[in-house]
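I have placed the structure first, in the form of structure tokens, so that the comments after it can refer back to it.
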Amino acid sequence: MHPKALLDACADLVRLVLQFEHPADAVVSRYFREHRSLGPRERATLAETAFAVLRKKLLFEQLARSGSGPKERKLAILGFFGPRDFLAAALNDTEKKWLATCDSIPADALMAPHRHNLPEWMAQALQAQLGDDFWALAENLQQAGTLDLRVNTLQAKRNEIQKELAQAGIASEPTPYSPWGLRLQGKPALQKTDAFTRGAIEVQDEGSQLLALLVDAHRGEMVVDFCAGAGGKTLALGASMRSTGRLYAFDVSGHRLDALKPRMARSGLSNVHPAAIAHERDDRVKRLAGKIDRVLVDAPCSGLGTLRRNPDLKWRQKPQAVQELTEKQLAILQSASRMVKSGGRLVYATCSVLPEENELIAQAFSAANPDFVPLNAAQELERLKVPGADGLCAPAMTVAEDGTRSGGDFLRLWPHRHGTDGFFAAAWTRK
Ligand SMILES: C[S@@+](CC[C@H](N)C(=O)[O-])C[C@H]1O[C@@H](n2cnc3c(N)ncnc32)[C@H](O)[C@@H]1O
């Protein structure tokens, strides 16, 4: 495709994602379905350009106030993913001059919102938690996330898959914390590899892998993945159980559970039982009261830990919606906890970085449920041989008058510190 036509297409896609009517990845997929003749390189340019605009929206909109021509075209020029000389072939002289002026503005001359590119309420919430470290996070969230794989240990060892991928020209490194993970360079097409089609690998952020590890599911156990969705963590739990015992994958969305089925078939797991539930107090849940060894609640959340991959969320998410989510999160956790048997484990997790969805929920649950004893996540991960487990965890935020902390240590992953998406997990043992 000629550079001019590709830039026009980028501007068109930028206009569509900025309507925020649907998640950006769905808008991009739909665009590709409607433009079937696009080749893989053009698709990569289009998607990465649209995502770059979402990542740096405030800065780019500010810069687009100058120059001439339609706003979406200027945004697409600023975010264009590809060599500069290729882009230059699509620009007129005025645009080239304007781009050179934009490029010459030093970062320290920019106002704070144009540097962090976050809505004010989100920037404030993160600054309150991180202090000066906020800027390292803000910088990190404006880059694309890494592509991590989980090796299905039911089928193969991590080093075997690493070698197999290398033979197919795909370079990878073992992830630093998860024993099951491989981190890839770039975004190679995985779906055609033999390892993918036979279910030996799944795309999964290292942080998600660590949540599944913290559940510590064993052979022959009864385990519930309460908010299973398309089953990313279900598959990791099933492999930990060596495809034995019984693993229920519950979700209120039958549609999401449908996406689990082909993944389950590829994985070779035969212990997974997906079931759509009406709500968290469904009869199926009640029937399992006190019977389950391990319950994972991967709660619906704001997703603000995943802004590297889903930058549109920062513009689509609202404080009011987060408030409503917190009520749902506590209700789901409370209901799911009833299934845990005496001596069993409960894990509450989110991919959010906001304390309201994390520590505050865990602490409210602990306060209302004295029969659930908080587990120290750092000690637990250390026992599970995760390197540097201490550095992945943060102490509870509630400090009593006598100085004791309640709630145990939580898993608290940050993109700029750990290279994972932002994740939280709290664990309890039932007395
Ligand atoms: C964070 S996502 C789960 C992601 C999934 N565990 C994975 O690893 O791919 C949260 C899920 O919770 C589900 N959900 C929302 N409300 C629920 C409820 N009341 N009971 C059970 N699941 C619910 C959503 O449909 C969504 O699939």
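Going through the structure tokens in order, the chains are called A, B, and so on, while each chain numbers its residues from 1 and the ligands are numbered from 1 in the order shown.
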I'd like the contact shell of Asp390 (chain A) - 8 Å cut-off, only C-alpha atoms, skipping same-chain residues fewer than 2 positions apart - returned as a tab-separated table (two decimals) with N, CA and C atoms, in the first residue's frame.
chain	number	residue	atom	x	y	z
A	378	ALA	N	4.09	-12.97	50.37
A	378	ALA	CA	5.54	-13.04	50.10
A	378	ALA	C	6.09	-14.40	50.58
A	379	GLN	N	5.69	-14.78	51.80
A	379	GLN	CA	6.18	-16.08	52.34
A	379	GLN	C	5.69	-17.23	51.47
A	382	GLU	N	7.54	-17.38	48.25
A	382	GLU	CA	8.90	-17.85	48.52
A	382	GLU	C	8.89	-19.38	48.65
A	388	GLY	N	12.89	-13.66	44.37
A	388	GLY	CA	12.60	-12.26	44.75
A	388	GLY	C	11.17	-12.04	45.17
A	392	LEU	N	7.89	-8.58	45.25
A	392	LEU	CA	6.64	-8.59	44.48
A	392	LEU	C	5.45	-8.24	45.34
A	393	CYS	N	5.71	-8.10	46.66
A	393	CYS	CA	4.59	-7.98	47.59
A	393	CYS	C	4.67	-6.67	48.36
Within 6 Å of ligand 1 (only C-alpha atoms and all ligand atoms), residues as a CSV table (one decimal) with N, CA and C atoms, in the first residue's frame:
chain,number,residue,atom,x,y,z
A,226,PHE,N,-13.7,-18.7,40.0
A,226,PHE,CA,-15.0,-18.1,40.1
A,226,PHE,C,-15.4,-17.2,39.0
A,227,CYS,N,-14.4,-16.4,38.6
A,227,CYS,CA,-14.7,-15.4,37.5
A,227,CYS,C,-13.7,-15.9,36.3
A,228,ALA,N,-14.1,-17.0,35.7
A,228,ALA,CA,-13.1,-17.7,34.8
A,228,ALA,C,-13.0,-17.0,33.5
A,229,GLY,N,-14.0,-16.2,33.0
A,229,GLY,CA,-13.9,-15.6,31.7
A,229,GLY,C,-13.5,-16.5,30.6
A,230,ALA,N,-12.6,-16.2,29.8
A,230,ALA,CA,-12.1,-17.0,28.7
A,230,ALA,C,-11.1,-18.1,29.2
A,231,GLY,N,-10.9,-18.1,30.5
A,231,GLY,CA,-10.2,-19.2,31.1
A,231,GLY,C,-8.6,-19.1,31.2
A,232,GLY,N,-8.1,-18.0,31.0
A,232,GLY,CA,-6.6,-17.9,31.1
A,232,GLY,C,-6.1,-18.5,32.4
A,233,LYS,N,-6.6,-18.2,33.5
A,233,LYS,CA,-6.1,-18.7,34.8
A,233,LYS,C,-6.6,-20.1,35.0
A,251,ASP,N,-18.6,-18.4,35.5
A,251,ASP,CA,-18.7,-17.0,35.0
A,251,ASP,C,-20.1,-16.7,34.7
A,252,VAL,N,-20.5,-15.4,34.9
A,252,VAL,CA,-21.8,-15.0,34.5
A,252,VAL,C,-22.0,-14.8,33.0
A,253,SER,N,-20.8,-14.8,32.3
A,253,SER,CA,-20.9,-14.6,30.8
A,253,SER,C,-20.6,-15.9,30.1
A,279,HIS,N,-25.6,-15.3,38.8
A,279,HIS,CA,-25.0,-14.3,39.6
A,279,HIS,C,-24.2,-15.0,40.7
A,280,GLU,N,-23.6,-14.2,41.6
A,280,GLU,CA,-22.7,-14.9,42.5
A,280,GLU,C,-23.4,-15.7,43.6
A,298,ASP,N,-11.1,-14.0,40.5
A,298,ASP,CA,-10.4,-13.0,39.6
A,298,ASP,C,-11.4,-12.0,39.2
A,299,ALA,N,-11.6,-11.1,40.1
A,299,ALA,CA,-12.8,-10.2,40.1
A,299,ALA,C,-12.9,-9.3,38.9
A,300,PRO,N,-14.1,-9.0,38.5
A,300,PRO,CA,-14.2,-7.9,37.4
A,300,PRO,C,-13.7,-6.6,38.0
A,332,ILE,N,-19.0,-10.5,45.4
A,332,ILE,CA,-18.6,-11.7,44.7
A,332,ILE,C,-17.6,-12.4,45.7
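Between CA of Met122 (chain A) and CA of Lys57 (chain A) lies a distance of 14.5 Å.
Between CA of Glu359 (chain A) and CA of Asp25 (chain A) the separation is 29.6 Å.
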(request) Write out as a list in words which residues come within 8 Å of Ile292 (chain A) when counting only C-alpha atoms, dropping same-chain ones fewer than 2 positions away. (result) Glu221, Met222, Val223, Val224, Leu288, Ala289, Gly290, Arg294, Val295, Met339, Val340, Lys341 and Gly344 of chain A
(message) Can you tell me, as an NGL selection string, which residues in region 186-331 of chain A count as helix (DSSP H, G or I) by DSSP?
(response) :A and (194-197 or 206-215 or 232-240 or 254-267 or 283-287 or 304-306 or 313-316 or 319-331)
(request) Measuring atom to atom with only C-alpha atoms, identify which of A:Gln320, A:Asn140, A:Asn376, A:Thr234 is nearest to Arg263 (chain A). (result) A:Thr234
(message) Among region 192-268 of chain A, which ones does DSSP assign to strand (DSSP E) (computed from the backbone)? Answer as a VMD selection string.
(response) chain A and resid 201 to 203 222 to 225 246 to 251
(request) Write out as a ChimeraX atom specification which residues come within 12 Å of Leu184 (chain A) when counting only C-alpha atoms, dropping same-chain ones fewer than 5 positions away. (result) /A:145-150,162,165-166,169-175,189-190,203-206
(request) Can you work out which one of A:Leu260, A:Ala138, A:Leu154, A:Leu333 has the shortest atom-to-atom distance to Gly238 (chain A), counting only C-alpha atoms? (result) A:Leu154
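Closest to Leu54 (chain A) among A:Arg309, A:Arg198, A:Arg345, A:Arg412 is A:Arg309, based on only C-alpha atoms.
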(request) Please provide the set of residues having any atom within 8 Å of Ser240 (chain A), restricted to only C-alpha atoms, with same-chain residues fewer than 4 positions apart removed, written as a ChimeraX atom specification. (result) /A:153,216-219,236
Write the residues you've just listed into a file as a PDB file, in the first residue's frame, and include C-alpha atoms for each of them.
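As written to disk, out-v1.pdb reads:
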ATOM      1  CA  THR A 153       3.575 -28.015  31.790  1.00  0.00           C
ATOM      2  CA  ASP A 216      -1.261 -23.480  44.592  1.00  0.00           C
ATOM      3  CA  ALA A 217      -3.788 -26.004  43.255  1.00  0.00           C
ATOM      4  CA  HIS A 218      -2.771 -29.654  43.605  1.00  0.00           C
ATOM      5  CA  ARG A 219      -3.561 -33.024  42.091  1.00  0.00           C
ATOM      6  CA  ALA A 236      -2.960 -22.609  34.433  1.00  0.00           C
TER       7      ALA A 236
END
